[in-house]
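Take a look at the structure below.
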Amino acid sequence: MLDVILWPFNTTAFTFAGAATSWGEIAGFITGALCVWLVTRQNPLNWPIGILNNLAFLVLFATSGLYADSGLQVVYVALALYGWWAWLRGGTEHTPLPVSRTSRAQWWWLLLAGVAGTLLLVWVLTTFSDSTVPWADSVTTVLSLLATWGQTRKKVECWWLWIAADVIYVPLYAYKGLWLTAILYVGFMALCVLGLRNWTKALRADEPVAA
């Protein structure tokens, strides 16, 4: 039954660089690009578009052997629901959330969570799956989770975490034959630079008001 439901999603749309590109990968490409562009503009509609992207990638990654990235999409959906609320009502007195910086204490917690999360995922993937890329899959998964947390709280440094993850994602997806997704993540890096620029500008504009 599940195969019947997913059949249109997994059907080949075209062949690129000798690898078949499915309609699911195209759906992930379109929703992913739109989602990140909306984030750079601080548009809260990025969250529902992002949920559609998560569902597309959940299936795509599961069928490509990227199990940590596939499971990550479920967490993304939960974070997206929280981020959607936080952006609209998470500021002072339930006002829209402004851009802010990550504190030193938050950086320490992110570092500890990142190291512990990576080691745990590597152990899970090497013990309970046939993953051929446990370290790359784990590191990118953890970086993405940390970046998403920063995104939900509008921390300007989240863009640096996304850039770090994308640098690894591009060759990882190419290795797995997901060429369209690899190209998408090259575009993501460009959008991350734009997002960093826009959010930094917004932060600087808000800082005199806060002072």
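Convention: chains lettered A, B, ... in structure tokens order; per-chain residue numbering from 1; ligands numbered from 1 as shown.
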
Sorted per-residue table, range 76-141 of chain A near range 198-201 of chain A, closest atoms and distance, 10 Å, only C-alpha atoms, as JSON lines:
{"residue": "A:Pro98", "atom": "CA", "partner": "A:Trp199", "partner_atom": "CA", "distance": 9.6}
{"residue": "A:Val99", "atom": "CA", "partner": "A:Trp199", "partner_atom": "CA", "distance": 6.6}
{"residue": "A:Ser100", "atom": "CA", "partner": "A:Trp199", "partner_atom": "CA", "distance": 8.8}
{"residue": "A:Arg101", "atom": "CA", "partner": "A:Thr200", "partner_atom": "CA", "distance": 9.4}

How close does range 46-153 of chain A get to range 29-38 of chain A? List, as JSON lines, each residue of range 46-153 of chain A within 7 Å, its nearest atom pair and the distance in Å to one decimal, counting only C-alpha atoms.
{"residue": "A:Asn46", "atom": "CA", "partner": "A:Cys35", "partner_atom": "CA", "distance": 4.7}
{"residue": "A:Ile49", "atom": "CA", "partner": "A:Cys35", "partner_atom": "CA", "distance": 5.7}
{"residue": "A:Gly50", "atom": "CA", "partner": "A:Cys35", "partner_atom": "CA", "distance": 5.4}
{"residue": "A:Leu52", "atom": "CA", "partner": "A:Thr31", "partner_atom": "CA", "distance": 6.8}
{"residue": "A:Asn53", "atom": "CA", "partner": "A:Thr31", "partner_atom": "CA", "distance": 5.2}

Sorted per-residue table, range 107-162 of chain A near range 73-83 of chain A, closest atoms and distance, 10 Å, only C-alpha atoms, as JSON lines:
{"residue": "A:Thr141", "atom": "CA", "partner": "A:Gln73", "partner_atom": "CA", "distance": 9.6}
{"residue": "A:Ser144", "atom": "CA", "partner": "A:Tyr76", "partner_atom": "CA", "distance": 9.2}
{"residue": "A:Leu145", "atom": "CA", "partner": "A:Tyr76", "partner_atom": "CA", "distance": 7.7}
{"residue": "A:Thr148", "atom": "CA", "partner": "A:Leu79", "partner_atom": "CA", "distance": 7.4}
{"residue": "A:Trp149", "atom": "CA", "partner": "A:Leu79", "partner_atom": "CA", "distance": 7.4}
{"residue": "A:Gly150", "atom": "CA", "partner": "A:Gly83", "partner_atom": "CA", "distance": 9.6}
{"residue": "A:Gln151", "atom": "CA", "partner": "A:Gly83", "partner_atom": "CA", "distance": 7.5}
{"residue": "A:Thr152", "atom": "CA", "partner": "A:Gly83", "partner_atom": "CA", "distance": 4.2}
{"residue": "A:Arg153", "atom": "CA", "partner": "A:Gly83", "partner_atom": "CA", "distance": 7.2}
{"residue": "A:Lys154", "atom": "CA", "partner": "A:Gly83", "partner_atom": "CA", "distance": 9.0}

Residues of the last selection are to be written out with N, CA and C atoms, as an mmCIF file, in the first residue's frame.
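This is the output file result.cif:
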data_model
loop_
_atom_site.group_PDB
_atom_site.id
_atom_site.type_symbol
_atom_site.label_atom_id
_atom_site.label_comp_id
_atom_site.auth_asym_id
_atom_site.auth_seq_id
_atom_site.Cartn_x
_atom_site.Cartn_y
_atom_site.Cartn_z
ATOM 1 N N THR A 141 23.407 16.273 10.153
ATOM 2 C CA THR A 141 22.132 16.227 10.877
ATOM 3 C C THR A 141 22.186 17.116 12.115
ATOM 4 N N SER A 144 22.438 20.836 11.283
ATOM 5 C CA SER A 144 21.144 21.326 10.808
ATOM 6 C C SER A 144 20.169 21.543 11.959
ATOM 7 N N LEU A 145 20.191 20.648 12.935
ATOM 8 C CA LEU A 145 19.323 20.818 14.102
ATOM 9 C C LEU A 145 19.694 22.072 14.888
ATOM 10 N N THR A 148 18.648 25.075 12.946
ATOM 11 C CA THR A 148 17.191 25.264 12.978
ATOM 12 C C THR A 148 16.749 25.863 14.301
ATOM 13 N N TRP A 149 17.370 25.420 15.407
ATOM 14 C CA TRP A 149 17.045 26.043 16.698
ATOM 15 C C TRP A 149 17.345 27.539 16.634
ATOM 16 N N GLY A 150 18.521 27.889 16.101
ATOM 17 C CA GLY A 150 18.866 29.301 15.979
ATOM 18 C C GLY A 150 17.895 30.051 15.086
ATOM 19 N N GLN A 151 17.427 29.378 14.058
ATOM 20 C CA GLN A 151 16.465 30.003 13.148
ATOM 21 C C GLN A 151 15.132 30.254 13.838
ATOM 22 N N THR A 152 14.686 29.297 14.674
ATOM 23 C CA THR A 152 13.413 29.491 15.372
ATOM 24 C C THR A 152 13.473 30.683 16.319
ATOM 25 N N ARG A 153 14.681 30.972 16.856
ATOM 26 C CA ARG A 153 14.852 32.089 17.779
ATOM 27 C C ARG A 153 15.416 33.337 17.099
ATOM 28 N N LYS A 154 15.553 33.283 15.770
ATOM 29 C CA LYS A 154 16.096 34.388 14.976
ATOM 30 C C LYS A 154 17.483 34.823 15.449
#

Next on the checklist: Quick one: residues within 12 Å of Leu120 in chain A, only C-alpha atoms, excluding same-chain residues fewer than 4 positions away - as a list in words?
Outcome noted: Ala68, Ala113, Gly114, Val115, Ala116, Val124, Leu125, Thr126, Thr127, Phe128, Pro134, Trp135, Asp137, Ser138, Val139, Thr141 and Val142 of chain A

Next on the checklist: Write out as a PyMOL selection string the set of residues from chain A that DSSP, computed on the backbone, places in strand (DSSP E).
Outcome noted: chain A and resi 12-16+19-22

Same residues, all heavy atoms, saved as a PDB file, in the first residue's frame:
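The resulting part_16.pdb:
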ATOM      1  N   THR A  12      10.783   8.478 -11.856  1.00  0.00           N
ATOM      2  CA  THR A  12      11.837   9.286 -12.474  1.00  0.00           C
ATOM      3  C   THR A  12      11.238  10.384 -13.343  1.00  0.00           C
ATOM      4  O   THR A  12      10.389  10.113 -14.211  1.00  0.00           O
ATOM      5  CB  THR A  12      12.769   8.405 -13.319  1.00  0.00           C
ATOM      6  OG1 THR A  12      13.378   7.425 -12.472  1.00  0.00           O
ATOM      7  CG2 THR A  12      13.844   9.248 -13.997  1.00  0.00           C
ATOM      8  N   ALA A  13      11.665  11.603 -13.103  1.00  0.00           N
ATOM      9  CA  ALA A  13      11.213  12.736 -13.920  1.00  0.00           C
ATOM     10  C   ALA A  13      12.145  12.945 -15.103  1.00  0.00           C
ATOM     11  O   ALA A  13      11.718  13.192 -16.226  1.00  0.00           O
ATOM     12  CB  ALA A  13      11.144  14.006 -13.070  1.00  0.00           C
ATOM     13  N   PHE A  14      13.456  12.867 -14.860  1.00  0.00           N
ATOM     14  CA  PHE A  14      14.461  12.955 -15.924  1.00  0.00           C
ATOM     15  C   PHE A  14      15.773  12.414 -15.379  1.00  0.00           C
ATOM     16  O   PHE A  14      15.912  12.143 -14.182  1.00  0.00           O
ATOM     17  CB  PHE A  14      14.631  14.406 -16.415  1.00  0.00           C
ATOM     18  CG  PHE A  14      15.075  15.378 -15.345  1.00  0.00           C
ATOM     19  CD1 PHE A  14      16.417  15.573 -15.054  1.00  0.00           C
ATOM     20  CD2 PHE A  14      14.135  16.106 -14.616  1.00  0.00           C
ATOM     21  CE1 PHE A  14      16.821  16.470 -14.078  1.00  0.00           C
ATOM     22  CE2 PHE A  14      14.530  17.003 -13.633  1.00  0.00           C
ATOM     23  CZ  PHE A  14      15.882  17.188 -13.365  1.00  0.00           C
ATOM     24  N   THR A  15      16.737  12.260 -16.257  1.00  0.00           N
ATOM     25  CA  THR A  15      18.057  11.770 -15.867  1.00  0.00           C
ATOM     26  C   THR A  15      19.069  12.888 -15.977  1.00  0.00           C
ATOM     27  O   THR A  15      19.119  13.597 -16.991  1.00  0.00           O
ATOM     28  CB  THR A  15      18.490  10.591 -16.758  1.00  0.00           C
ATOM     29  OG1 THR A  15      17.537   9.537 -16.625  1.00  0.00           O
ATOM     30  CG2 THR A  15      19.869  10.078 -16.347  1.00  0.00           C
ATOM     31  N   PHE A  16      19.859  13.081 -14.899  1.00  0.00           N
ATOM     32  CA  PHE A  16      20.849  14.158 -14.868  1.00  0.00           C
ATOM     33  C   PHE A  16      22.184  13.587 -14.439  1.00  0.00           C
ATOM     34  O   PHE A  16      22.271  12.897 -13.423  1.00  0.00           O
ATOM     35  CB  PHE A  16      20.410  15.258 -13.887  1.00  0.00           C
ATOM     36  CG  PHE A  16      21.364  16.423 -13.794  1.00  0.00           C
ATOM     37  CD1 PHE A  16      21.373  17.420 -14.745  1.00  0.00           C
ATOM     38  CD2 PHE A  16      22.270  16.508 -12.745  1.00  0.00           C
ATOM     39  CE1 PHE A  16      22.241  18.490 -14.659  1.00  0.00           C
ATOM     40  CE2 PHE A  16      23.157  17.561 -12.644  1.00  0.00           C
ATOM     41  CZ  PHE A  16      23.136  18.566 -13.614  1.00  0.00           C
ATOM     42  N   ALA A  19      22.342  10.042 -13.456  1.00  0.00           N
ATOM     43  CA  ALA A  19      21.535   9.600 -12.305  1.00  0.00           C
ATOM     44  C   ALA A  19      20.085  10.023 -12.510  1.00  0.00           C
ATOM     45  O   ALA A  19      19.806  11.120 -13.006  1.00  0.00           O
ATOM     46  CB  ALA A  19      22.080  10.205 -11.017  1.00  0.00           C
ATOM     47  N   ALA A  20      19.172   9.118 -12.122  1.00  0.00           N
ATOM     48  CA  ALA A  20      17.748   9.416 -12.254  1.00  0.00           C
ATOM     49  C   ALA A  20      17.323  10.438 -11.205  1.00  0.00           C
ATOM     50  O   ALA A  20      17.687  10.324 -10.039  1.00  0.00           O
ATOM     51  CB  ALA A  20      16.941   8.138 -12.107  1.00  0.00           C
ATOM     52  N   THR A  21      16.552  11.424 -11.627  1.00  0.00           N
ATOM     53  CA  THR A  21      16.015  12.441 -10.720  1.00  0.00           C
ATOM     54  C   THR A  21      14.513  12.231 -10.603  1.00  0.00           C
ATOM     55  O   THR A  21      13.794  12.253 -11.599  1.00  0.00           O
ATOM     56  CB  THR A  21      16.306  13.857 -11.253  1.00  0.00           C
ATOM     57  OG1 THR A  21      17.723  14.041 -11.347  1.00  0.00           O
ATOM     58  CG2 THR A  21      15.720  14.914 -10.325  1.00  0.00           C
ATOM     59  N   SER A  22      14.035  12.002  -9.370  1.00  0.00           N
ATOM     60  CA  SER A  22      12.626  11.687  -9.147  1.00  0.00           C
ATOM     61  C   SER A  22      11.796  12.953  -8.996  1.00  0.00           C
ATOM     62  O   SER A  22      12.318  14.046  -8.764  1.00  0.00           O
ATOM     63  CB  SER A  22      12.476  10.829  -7.891  1.00  0.00           C
ATOM     64  OG  SER A  22      12.827  11.586  -6.740  1.00  0.00           O
TER      65      SER A  22
END

Next on the checklist: Taking 5 positions as the minimum chain separation for residues in the same chain, which residues sit within 10 Å of Trp84 in chain A when counting only C-alpha atoms? Answer as number ranges by chain.
Outcome noted: A: 43-48, 79, 89-90, 152
